[in-house]
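A.B. asks: Let me give you the structure first, and then I'll get to my questions.
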Amino acid sequence: MKQRISLVTLGVKDLAVARAFYEALGWSGAQQPDNEIVFFQAGGMVFGLWTSLGGHGAPGIELAHNVGSPEEVDAVLAEAQRAGATIKRPAARADWGGYSGAFADPDGYVWEVAHNPDWTLSADGSVRLR
């Protein structure tokens with residue numbers, strides 16, 4: 001697993017209120033593919049707000065590590081498990097068109113490992129919304 005974080009997602013109670021808050025702070029360019037999540041480009045990574053009612057959302061935080069292929073998702077999850085992680089979601093095709101799974105570190109922090117064909121993943125690990 002390469003040393004990088006592609007995405008930080010906060011579980012929120014009210015997506016519209018949370019989005020309005022960040023936009024009032026001056027954040028712009030939000031992408032909202034559905035009524036469960038909003039993405040903001042944040043430098044070389046992405047910041048997400050995920051309603052606690054949808055997806056895997058829960059009050060709290062989820063980190064993500066994006067990779068270049070579904071095979072890399074499988075490899076990173078296996079590496080994490082060998083290192084002592086607990087697999088929270090086995091890798092599978094996602095309804096948003098990618099492939100992802102998730103593991104928890106020894107303290108319970110969840111990392112999603114994902115291949116998102118709709119985002120650009122640069123050689124340095126930075127991600128870009130399209």
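Ligands are numbered from 1 in the order shown, chains are lettered A, B, ... in the order of the structure tokens, and residues start at 1 in each chain.
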Would you please give, as a PyMOL selection string, all residues of range 41-113 of chain A that DSSP assigns to strand (DSSP E) based on the backbone?
C.D. replies: chain A and resi 41-42+45-51+60-66+86-93+99-104+110-113
A.B. asks: With only C-alpha atoms as the counted atoms, please give the residues lying no more than 12 Å from range 79-81 of chain A, apart from itself and same-chain residues fewer than 5 positions off, as a count of residues only.
C.D. replies: 21
A.B. asks: Output as a Markdown table one row per residue of range 64-125 of chain A within 10 Å of range 30-51 of chain A: the closest atom pair and its distance in Å to one decimal place, counting only C-alpha atoms, sorted by chain and residue number ascending.
C.D. replies:
| residue | atom | partner | partner_atom | distance |
| --- | --- | --- | --- | --- |
| A:Ala64 | CA | A:Val46 | CA | 9.4 |
| A:Asn66 | CA | A:Met45 | CA | 10.0 |
| A:Trp96 | CA | A:Pro33 | CA | 8.9 |
| A:Leu121 | CA | A:Gly44 | CA | 9.6 |
| A:Ser122 | CA | A:Gly44 | CA | 9.2 |
| A:Asp124 | CA | A:Gly44 | CA | 9.2 |
| A:Gly125 | CA | A:Gly44 | CA | 8.1 |
A.B. asks: Record the distance separating CA of Tyr22 in chain A and CA of Ile5 in chain A, expressed in Å with one decimal.
C.D. replies: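 One can read the CA of Tyr22 in chain A to CA of Ile5 in chain A distance as 20.5 Å.
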A.B. asks: Can you measure CA of Gly29 in chain A to CA of Gln3 in chain A for me? One decimal in Å is fine.
C.D. replies: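 Separation between CA of Gly29 in chain A and CA of Gln3 in chain A: 26.9 Å.
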A.B. asks: One number please: CA of Arg82 in chain A to CA of Val8 in chain A, in Å, one decimal.
C.D. replies: 23.8 Å
A.B. asks: Just asking: which residues within range 40-106 of chain A are alpha helix (DSSP H) according to DSSP, as a PyMOL selection string?
C.D. replies: chain A and resi 70-83
A.B. asks: Between A:Ala91, A:Gly11, A:Val127, A:Thr120, which is the closest to Ala75 in chain A once you count only C-alpha atoms?
C.D. replies: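 When distances to Ala75 in chain A are compared using only C-alpha atoms, the smallest one comes from A:Ala91.
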